[in-house]
file target-v2.txt (compact mmCIF, C-alpha atoms)
# COMPACT_ATOMS: atom_id res chain seq x y z
CA MET A 61 114.31 77.68 127.27
CA LYS A 62 115.74 79.60 130.20
CA ASN A 63 118.27 81.92 128.59
CA LEU A 64 119.02 82.81 124.95
CA LEU A 65 121.52 85.07 123.20
CA MET A 66 120.25 86.87 120.09
CA ILE A 67 122.63 88.68 117.74
CA THR A 68 121.17 91.19 115.27
CA ARG A 69 122.14 94.34 113.39
CA LYS A 70 120.00 96.98 115.05
CA VAL A 71 117.37 97.23 117.76
CA ASP A 72 115.41 100.45 117.37
CA LYS A 73 111.67 100.89 117.69
CA ASP A 74 111.81 103.94 115.39
CA GLU A 75 113.91 102.40 112.59
CA ALA A 76 112.35 102.04 109.15
CA GLN A 77 114.18 99.11 107.57
CA ALA A 78 115.36 97.14 110.63
CA GLY A 79 112.59 98.17 113.02
CA PHE A 80 111.00 94.73 112.80
CA ALA A 81 113.93 93.33 114.83
CA TYR A 82 112.53 95.23 117.84
CA SER A 83 109.39 93.06 117.62
CA TRP A 84 111.51 89.91 117.36
CA VAL A 85 113.39 90.83 120.53
CA LYS A 86 110.15 91.58 122.33
CA LYS A 87 108.51 88.31 121.28
CA PHE A 88 111.55 86.17 122.11
CA ALA A 89 111.70 87.79 125.55
CA GLN A 90 108.13 86.66 126.21
CA ARG A 91 109.09 83.02 125.62
CA VAL A 92 112.43 82.67 127.44
CA GLY A 93 113.65 83.29 130.96
CA ARG A 94 116.26 85.89 130.06
CA LEU A 95 117.19 87.27 126.65
CA LYS A 96 120.66 88.62 126.02
CA VAL A 97 121.06 90.71 122.87
CA ILE A 98 124.19 91.80 121.03
CA CYS A 99 123.52 94.37 118.31
CA LEU A 100 125.67 96.49 116.05
CA GLU A 101 123.73 99.58 117.08
CA LYS A 102 120.78 100.55 119.22
CA GLY A 103 118.12 103.26 119.19
CA ASN A 104 114.75 103.62 120.89
CA LEU A 105 114.33 100.63 123.23
CA ASP A 106 111.16 101.82 124.98
CA GLY A 107 108.75 99.01 125.78
CA LEU A 108 111.20 96.11 125.85
CA PRO A 109 110.59 93.64 128.72
CA LEU A 110 112.75 93.79 131.85
CA ASN A 111 114.28 90.38 131.12
CA VAL A 112 116.12 91.80 128.07
CA GLU A 113 119.77 92.76 128.54
CA LEU A 114 121.23 94.50 125.49
CA PHE A 115 124.87 95.10 124.54
CA SER A 116 125.53 97.44 121.62
CA LEU A 117 128.77 97.41 119.63
CA GLY A 118 128.47 101.19 119.49
CA LYS A 119 127.82 102.04 115.84
CA GLU A 120 125.18 104.58 116.97
CA LYS A 121 128.14 106.67 118.23
CA GLY A 122 129.94 106.52 114.90
CA LYS A 123 131.32 103.80 112.64
CA ASN A 124 134.59 102.22 113.82
CA ARG A 125 135.07 98.64 112.64
CA LEU A 126 138.04 97.86 114.89
CA LYS A 127 136.18 99.10 117.96
CA GLU A 128 133.06 97.19 116.90
CA PHE A 129 135.10 93.98 116.52
CA ILE A 130 136.66 94.40 119.96
CA ASN A 131 133.27 95.18 121.49
CA PHE A 132 131.83 92.04 119.92
CA GLN A 133 134.41 89.95 121.77
CA ARG A 134 133.51 91.74 125.00
CA GLY A 135 129.80 91.13 124.46
CA ALA A 136 130.34 87.49 123.53
CA LEU A 137 132.41 86.82 126.65
CA LYS A 138 129.88 88.68 128.80
CA PHE A 139 126.89 86.63 127.64
CA ILE A 140 127.95 83.24 126.24
CA GLY A 141 128.39 81.55 129.61
CA LYS A 142 124.98 82.72 130.80
CA VAL A 143 122.86 81.29 127.95
CA GLU A 144 121.90 77.87 126.64
CA ALA A 145 121.86 78.73 122.94
CA VAL A 146 122.50 81.46 120.34
CA PHE A 147 120.23 82.84 117.61
CA CYS A 148 122.00 84.82 114.87
CA HIS A 149 119.61 87.07 113.00
CA MET A 150 120.21 88.00 109.36
CA ASN A 151 123.94 88.62 108.73
CA PRO A 152 126.20 85.54 108.23
CA GLU A 153 129.07 87.42 109.88
CA TYR A 154 127.40 87.11 113.28
CA THR A 155 127.53 83.31 113.08
CA ILE A 156 131.15 83.40 111.95
CA LEU A 157 132.18 85.71 114.80
CA ILE A 158 130.32 83.89 117.59
CA SER A 159 131.20 80.34 116.46
CA PRO A 160 134.51 80.06 118.40
CA TYR A 161 132.67 80.89 121.63
CA VAL A 162 129.84 78.50 120.73
CA LYS A 163 132.41 75.73 120.25
CA LEU A 164 134.39 76.60 123.36
CA PHE A 165 131.34 76.78 125.65
CA ASN A 166 129.50 73.89 123.95
CA LYS A 167 126.38 75.88 122.97
CA LYS A 168 123.90 75.38 120.11
CA ILE A 169 123.39 77.95 117.38
CA ILE A 170 120.64 78.66 114.81
CA SER A 171 121.25 81.15 112.03
CA TRP A 172 118.46 83.05 110.28
CA TYR A 173 119.00 83.72 106.59
CA SER A 174 116.59 85.05 103.97
CA HIS A 175 118.29 86.19 100.78
CA ARG A 176 118.92 84.86 97.30
CA ALA A 177 122.64 85.73 97.47
CA VAL A 178 125.04 82.87 98.21
CA ASN A 179 128.67 83.82 98.83
CA TRP A 180 131.58 82.48 100.85
CA ARG A 181 130.18 84.04 104.04
CA VAL A 182 126.90 82.17 103.61
CA ARG A 183 128.76 78.92 102.94
CA LEU A 184 130.95 79.40 106.01
CA MET A 185 127.91 80.29 108.13
CA THR A 186 126.25 77.05 107.01
CA LEU A 187 129.34 75.06 107.95
CA LEU A 188 129.54 76.61 111.44
CA THR A 189 125.89 76.70 112.48
CA HIS A 190 123.74 73.81 113.73
CA ARG A 191 120.69 74.88 111.69
CA VAL A 192 119.82 77.54 109.11
CA ALA A 193 116.27 78.83 109.60
CA THR A 194 114.75 80.37 106.47
CA PRO A 195 111.23 81.49 105.48
CA THR A 196 110.82 79.49 102.25
CA GLU A 197 112.62 77.02 100.01
CA GLU A 198 113.69 79.92 97.72
CA SER A 199 115.05 82.16 100.49
CA PHE A 200 118.16 80.02 101.11
CA GLY A 201 119.85 78.83 97.95
CA LEU A 202 122.23 76.20 99.31
CA LYS A 203 121.34 72.53 99.48
CA SER A 204 121.91 71.56 103.08
CA LYS A 205 120.51 69.15 105.62
CA LYS A 206 120.77 72.01 108.11
CA LYS A 207 118.08 74.05 106.33
CA VAL A 208 114.80 74.40 108.24
CA ILE A 209 111.85 76.16 106.57
CA VAL A 210 109.91 78.07 109.21
CA GLY A 211 107.95 80.81 107.39
CA HIS A 212 108.35 84.55 107.89
CA GLY A 213 107.81 86.34 111.18
CA ILE A 214 105.22 89.10 110.90
CA ASP A 215 104.01 90.75 114.09
CA THR A 216 100.28 90.33 113.52
CA ASP A 217 99.55 92.21 116.75
CA LEU A 218 101.14 95.28 115.17
CA PHE A 219 100.23 94.69 111.51
CA LYS A 220 96.46 94.29 111.62
CA PRO A 221 93.36 95.71 109.91
CA ALA A 222 91.88 98.96 111.16
CA GLY A 223 88.30 98.01 110.34
CA SER A 224 87.91 100.78 107.76
CA ASP A 225 85.16 100.65 105.12
CA PRO A 226 85.93 98.94 101.78
CA HIS A 227 86.46 101.01 98.65
CA GLU A 228 83.18 102.45 97.41
CA GLY A 229 83.67 104.84 94.52
CA ARG A 230 86.10 107.16 96.28
CA THR A 231 89.70 107.88 95.24
CA LEU A 232 91.66 104.63 95.01
CA LYS A 233 94.65 104.67 97.36
CA ILE A 234 97.63 102.55 96.29
CA ILE A 235 100.70 101.93 98.45
CA SER A 236 104.06 100.41 97.58
CA VAL A 237 106.70 99.85 100.27
CA GLY A 238 110.37 99.13 99.69
CA ARG A 239 113.75 100.73 99.18
CA ILE A 240 114.27 102.93 96.12
CA SER A 241 116.30 100.50 94.04
CA PRO A 242 116.22 99.28 90.40
CA ILE A 243 115.19 95.77 91.51
CA LYS A 244 111.93 97.24 92.85
CA ASN A 245 110.83 98.21 89.30
CA TYR A 246 108.88 101.28 90.37
CA GLU A 247 108.76 102.52 86.77
CA THR A 248 106.31 99.69 86.05
CA LEU A 249 103.98 101.00 88.77
CA ILE A 250 104.25 104.58 87.49
CA GLU A 251 103.45 103.45 83.92
CA ALA A 252 100.44 101.47 85.18
CA ILE A 253 99.18 104.46 87.16
CA ASP A 254 99.51 106.59 84.04
CA ILE A 255 97.34 104.09 82.13
CA LEU A 256 94.68 104.14 84.86
CA ASP A 257 94.84 107.93 85.13
CA LYS A 258 94.10 108.20 81.41
CA ARG A 259 91.03 106.01 82.01
CA ASN A 260 89.88 108.71 84.45
CA LEU A 261 90.13 106.38 87.44
CA PRO A 262 90.57 108.65 90.49
CA LEU A 263 93.61 107.39 92.35
CA LYS A 264 96.58 108.32 94.54
CA ALA A 265 99.78 106.36 95.03
CA GLN A 266 102.28 106.51 97.88
CA ILE A 267 105.77 105.02 97.55
CA ILE A 268 107.36 104.48 100.96
CA GLY A 269 111.09 103.84 101.30
CA GLY A 270 114.54 105.40 101.10
CA LEU A 271 117.49 104.84 98.79
CA GLY A 272 118.79 101.27 98.81
CA LEU A 273 122.31 102.59 98.21
CA PRO A 274 123.68 106.10 97.59
CA SER A 275 124.37 105.00 94.00
CA HIS A 276 120.63 104.54 93.48
CA GLN A 277 120.09 108.31 93.54
CA SER A 278 120.24 108.37 89.72
CA TYR A 279 117.45 105.77 89.61
CA PHE A 280 115.38 107.87 92.00
CA ASP A 281 115.95 110.94 89.80
CA LYS A 282 114.87 108.91 86.77
CA LEU A 283 111.59 107.96 88.48
CA LYS A 284 110.86 111.59 89.36
CA GLN A 285 111.54 112.58 85.74
CA ILE A 286 109.05 109.96 84.49
CA ILE A 287 106.42 111.24 86.91
CA LYS A 288 107.00 114.84 85.82
CA LYS A 289 106.93 113.94 82.12
CA LYS A 290 103.59 112.16 82.53
CA GLY A 291 102.09 114.94 84.66
CA LEU A 292 101.54 112.67 87.65
CA GLU A 293 103.05 114.93 90.34
CA SER A 294 99.69 115.22 92.10
CA VAL A 295 99.03 111.48 91.83
CA VAL A 296 102.30 109.77 92.84
CA GLU A 297 104.01 110.77 96.09
CA PHE A 298 107.34 109.61 97.54
CA LYS A 299 106.96 109.50 101.33
CA GLY A 300 110.54 108.55 102.21
CA LEU A 301 111.37 106.33 105.17
CA ILE A 302 108.61 105.52 107.67
CA PRO A 303 109.37 103.76 111.01
CA ASN A 304 108.32 100.11 110.90
CA GLN A 305 106.08 100.61 113.93
CA LYS A 306 104.10 103.30 112.05
CA LEU A 307 103.73 101.41 108.75
CA PRO A 308 100.45 99.68 109.70
CA GLU A 309 98.50 102.95 109.60
CA TYR A 310 99.66 103.52 106.00
CA TYR A 311 98.53 100.05 104.95
CA GLN A 312 95.27 100.51 106.84
CA GLY A 313 94.63 103.74 104.96
CA SER A 314 95.19 102.15 101.55
CA ASP A 315 92.93 100.14 99.25
CA LEU A 316 95.69 98.21 97.49
CA SER A 317 99.35 97.39 97.95
CA VAL A 318 101.57 96.77 94.92
CA ASN A 319 104.95 95.05 95.10
CA LEU A 320 107.12 94.84 91.99
CA CYS A 321 110.01 92.64 93.13
CA PRO A 322 110.79 89.71 90.79
CA THR A 323 110.17 86.09 91.74
CA GLY A 324 112.50 84.93 94.49
CA SER A 325 112.55 85.16 98.26
CA PRO A 326 109.23 86.52 99.61
CA ASP A 327 109.40 90.26 100.35
CA LYS A 328 108.45 90.94 103.97
CA ALA A 329 106.60 94.12 102.91
CA VAL A 330 104.06 92.00 101.01
CA LEU A 331 103.26 89.96 104.11
CA GLU A 332 102.99 93.07 106.29
CA ALA A 333 100.43 94.53 103.86
CA MET A 334 98.51 91.24 103.82
CA ALA A 335 98.52 91.13 107.63
CA CYS A 336 96.81 94.53 107.61
CA GLY A 337 94.05 93.12 105.38
CA CYS A 338 95.29 95.17 102.43
CA PRO A 339 94.81 93.33 99.08
CA THR A 340 98.25 92.97 97.53
CA ILE A 341 99.21 92.63 93.86
CA VAL A 342 102.66 91.18 93.07
CA CYS A 343 104.67 89.66 90.22
CA ASN A 344 106.61 87.38 92.61
CA LYS A 345 105.21 83.89 92.00
CA THR A 346 106.56 82.76 95.37
CA PHE A 347 103.30 84.10 96.83
CA SER A 348 101.08 81.86 94.67
CA ASN A 349 100.24 79.53 97.55
CA ASP A 350 99.60 82.40 99.96
CA PHE A 351 97.06 83.90 97.55
CA GLY A 352 95.02 80.70 97.31
CA PRO A 353 91.91 81.09 95.08
CA TYR A 354 92.80 84.75 94.39
CA ARG A 355 96.20 84.09 92.79
CA GLU A 356 95.05 84.93 89.26
CA LYS A 357 93.63 88.25 90.46
CA LEU A 358 96.74 89.18 92.48
CA LEU A 359 99.62 88.09 90.23
CA PHE A 360 100.69 90.26 87.28
CA LYS A 361 103.37 89.80 84.63
CA GLU A 362 106.73 91.17 85.70
CA LYS A 363 107.61 94.58 84.18
CA ASP A 364 104.28 94.67 82.32
CA PRO A 365 102.47 97.93 83.21
CA ASP A 366 99.50 97.09 80.96
CA ASP A 367 98.88 93.84 82.82
CA LEU A 368 99.35 95.54 86.19
CA ALA A 369 96.91 98.31 85.27
CA GLN A 370 94.34 95.75 84.12
CA LYS A 371 94.73 93.68 87.29
CA ILE A 372 94.17 96.81 89.42
CA ASP A 373 91.15 97.82 87.34
CA ASN A 374 89.63 94.33 87.49
CA LEU A 375 90.18 94.10 91.23
CA ILE A 376 88.40 97.40 91.89
CA LYS A 377 85.44 96.37 89.74
CA SER A 378 85.21 92.93 91.38
CA ASN A 379 83.88 94.34 94.69
CA GLN A 380 86.00 91.70 96.45
CA LEU A 381 88.55 93.93 98.17
CA GLU A 382 87.17 93.32 101.65
CA ALA A 383 86.89 89.53 101.18
CA ILE A 384 90.38 89.29 99.69
CA GLY A 385 91.83 91.40 102.51
CA LYS A 386 90.31 89.12 105.14
CA PHE A 387 91.60 85.99 103.37
CA LEU A 388 95.14 87.37 103.08
CA ARG A 389 95.17 88.37 106.75
CA GLU A 390 94.19 84.82 107.72
CA ARG A 391 96.96 83.35 105.55
CA VAL A 392 99.64 85.47 107.20
CA PHE A 393 98.27 84.75 110.66
CA LYS A 394 98.40 81.01 109.96
CA HIS A 395 101.68 80.68 108.06
CA HIS A 396 103.84 83.76 108.83
CA ASN A 397 102.86 84.82 112.35
CA LEU A 398 105.83 85.95 114.48
CA ASP A 399 104.47 84.16 117.56
CA ASN A 400 104.34 80.88 115.62
CA LEU A 401 107.81 81.47 114.21
CA ILE A 402 109.29 81.96 117.68
CA GLU A 403 107.64 78.71 118.78
CA LYS A 404 109.13 76.88 115.77
CA LEU A 405 112.61 78.23 116.43
CA LEU A 406 112.48 77.26 120.11
CA TYR A 407 111.31 73.80 119.07
CA VAL A 408 114.30 73.48 116.72
CA PHE A 409 116.60 74.50 119.59
CA GLU A 410 115.00 71.83 121.74
CA LYS A 411 115.54 69.16 119.07
CA ILE A 412 119.25 69.91 118.61
CA SER A 413 120.05 70.35 122.31
call {"tool": "encode", "arguments": {"input": "target-v2.txt", "output": "structure tokens"}}
result
Amino acid sequence: MKNLLMITRKVDKDEAQAGFAYSWVKKFAQRVGRLKVICLEKGNLDGLPLNVELFSLGKEKGKNRLKEFINFQRGALKFIGKVEAVFCHMNPEYTILISPYVKLFNKKIISWYSHRAVNWRVRLMTLLTHRVATPTEESFGLKSKKKVIVGHGIDTDLFKPAGSDPHEGRTLKIISVGRISPIKNYETLIEAIDILDKRNLPLKAQIIGGLGLPSHQSYFDKLKQIIKKKGLESVVEFKGLIPNQKLPEYYQGSDLSVNLCPTGSPDKAVLEAMACGCPTIVCNKTFSNDFGPYREKLLFKEKDPDDLAQKIDNLIKSNQLEAIGKFLRERVFKHHNLDNLIEKLLYVFEKIS
């Protein structure tokens, strides 16, 4: 493909939650002639290829929805005639807003969606787009002939093992990455750590992420109260937000990753940990196939701290951490590699053109 327009929320190398979009832009730019990008806001763009032209709606200067809407029209008119197709990343609103220009200029559009929620915006997006690209069957809840399952897009050049030595009797380092939100069930992890601590297993746990919403502050306070009550202040540490580009070093410095999200769409944080060769324990059964022969060792019962603690204990005693880490890395590289995903998306564009 010669020229492509990508629409996404934020392009910022230093961003914690949306920083992965920077890698998507970079990888797309390597596979097309010219990449035009419209984003709601921009940040650190260092390292992007010269064939990327970016137009920000200006949210980085302060939120102004009317101005952002007007700027979107300006960006759309600036780029739509210069590209062959449009890729809308994440938010359904981008497909809805660009669709009149797509129709007017006779372009093709693919929309990326990965969320369990289905509302009127998602339904309208599905009506207006040519294809909906989604990581798994569970990550797009509507039945539609437009749905294309393409896997996740993990930058395996960034998220990779560091070659550190496997765990050998030293303090066990556990990491859990995700926003501070009730759906993340961090209290289950804290309870499991308390169980292991009482067994005199030397361990440290880092929880990386910021508040999902301002209203989740009370949940965060509750977690800190549980930690204080159990005397785990020196064991469990909240690290706050970490830029996506710096996350690999945290995974590389950990022995285990734990993700407590319920079964549903696959959490990208799990795949990033796996790509770093970090054995990952989850309760989300969506990952059963990715875990292969290790699924029984890596799946625990949702909201069951006793089962989680036992799975962690068994895994440490199995002396299989290194082997499991290598297997999980290979699975991500094969099924959720960003380079492969870009190839699949470009192939879908080719088929519908």
call {"tool": "closest_residue", "arguments": {"input": "target-v2.txt", "among": "A:Gly385, A:Pro109, A:Gly122, A:Gly103", "to": "A:Lys86", "atoms": "all atoms listed in the file"}}
result
A:Pro109
call {"tool": "closest_residue", "arguments": {"input": "target-v2.txt", "among": "A:Lys205, A:His212, A:Lys363, A:Lys258", "to": "A:Pro242", "atoms": "only C-alpha atoms"}}
result
A:Lys363
call {"tool": "atom_distance", "arguments": {"input": "target-v2.txt", "atom1": "atom CA of A:Thr340", "atom2": "atom CA of A:Leu359"}}
result
8.9 Å
call {"tool": "closest_residue", "arguments": {"input": "target-v2.txt", "among": "A:Val92, A:Leu64, A:Leu358, A:Val237", "to": "A:Glu144", "atoms": "all atoms listed in the file"}}
result
A:Leu64
call {"tool": "atom_distance", "arguments": {"input": "target-v2.txt", "atom1": "atom CA of A:Asn63", "atom2": "atom CA of A:Lys138"}}
result
13.4 Å
call {"tool": "residues_around", "arguments": {"input": "target-v2.txt", "residues": "A:Ala329", "least_positions_apart": "2", "cutoff": "8 Å", "atoms": "all atoms listed in the file", "output": "tab-separated table (two decimals) with C-alpha atoms, in the coordinates of the input"}}
result
chain	number	residue	atom	x	y	z
A	237	VAL	CA	106.70	99.85	100.27
A	238	GLY	CA	110.37	99.13	99.69
A	327	ASP	CA	109.40	90.26	100.35
A	331	LEU	CA	103.26	89.96	104.11
A	332	GLU	CA	102.99	93.07	106.29
A	333	ALA	CA	100.43	94.53	103.86
call {"tool": "closest_atom_pairs", "arguments": {"input": "target-v2.txt", "of": "stretch 265-333 of chain A", "to": "stretch 68-76 of chain A", "cutoff": "12 Å", "atoms": "all atoms listed in the file", "output": "CSV"}}
result
residue,atom,partner,partner_atom,distance
A:Ile268,CA,A:Ala76,CA,9.9
A:Gly269,CA,A:Ala76,CA,8.2
A:Gly270,CA,A:Ala76,CA,9.0
A:Leu271,CA,A:Ala76,CA,11.9
A:Gly300,CA,A:Ala76,CA,9.7
A:Leu301,CA,A:Ala76,CA,5.9
A:Ile302,CA,A:Ala76,CA,5.3
A:Pro303,CA,A:Ala76,CA,3.9
A:Asn304,CA,A:Ala76,CA,4.8
A:Gln305,CA,A:Lys73,CA,6.7
A:Lys306,CA,A:Asp74,CA,8.4
A:Leu307,CA,A:Ala76,CA,8.7
A:Ala329,CA,A:Ala76,CA,11.6
call {"tool": "residues_near_point", "arguments": {"input": "target-v2.txt", "point": "(86.5, 96.1, 91.7)", "cutoff": "12 Å", "atoms": "all atoms listed in the file", "output": "ChimeraX atom specification"}}
result
/A:226-230,232,261,315-316,339,357,370-384
call {"tool": "closest_residue", "arguments": {"input": "target-v2.txt", "among": "A:Phe298, A:Phe409, A:Phe393, A:Phe360", "to": "A:Thr323", "atoms": "all atoms listed in the file"}}
result
A:Phe360
call {"tool": "atom_distance", "arguments": {"input": "target-v2.txt", "atom1": "atom CA of A:Arg355", "atom2": "atom CA of A:Pro308"}}
result
23.4 Å
call {"tool": "residues_near_point", "arguments": {"input": "target-v2.txt", "point": "(116.5, 74.4, 127.0)", "cutoff": "7 Å", "atoms": "all atoms listed in the file", "output": "ChimeraX atom specification"}}
result
/A:61-62,144,410
call {"tool": "write_last_selection", "arguments": {"input": "target-v2.txt", "atoms": "C-alpha atoms", "output": "PDB file, in the frame of the given file"}}
result
ATOM      1  CA  MET A  61     114.310  77.680 127.270  1.00  0.00           C
ATOM      2  CA  LYS A  62     115.740  79.600 130.200  1.00  0.00           C
ATOM      3  CA  GLU A 144     121.900  77.870 126.640  1.00  0.00           C
ATOM      4  CA  GLU A 410     115.000  71.830 121.740  1.00  0.00           C
TER       5      GLU A 410
END
call {"tool": "closest_atom_pairs", "arguments": {"input": "target-v2.txt", "of": "stretch 290-340 of chain A", "to": "stretch 194-198 of chain A", "cutoff": "10 Å", "atoms": "all atoms listed in the file", "output": "CSV"}}
result
residue,atom,partner,partner_atom,distance
A:Thr323,CA,A:Glu198,CA,9.3
A:Gly324,CA,A:Glu198,CA,6.1
A:Ser325,CA,A:Glu198,CA,5.4
A:Pro326,CA,A:Thr196,CA,7.7
A:Lys328,CA,A:Pro195,CA,10.0
call {"tool": "residues_around", "arguments": {"input": "target-v2.txt", "residues": "A:Ser204", "least_positions_apart": "6", "cutoff": "12 Å", "atoms": "all atoms listed in the file", "output": "VMD selection string"}}
result
chain A and resid 182 to 183 185 to 187 189 to 194 197
call {"tool": "closest_residue", "arguments": {"input": "target-v2.txt", "among": "A:Tyr154, A:Ser174, A:Cys99, A:Ser116", "to": "A:Gly211", "atoms": "only C-alpha atoms"}}
result
A:Ser174
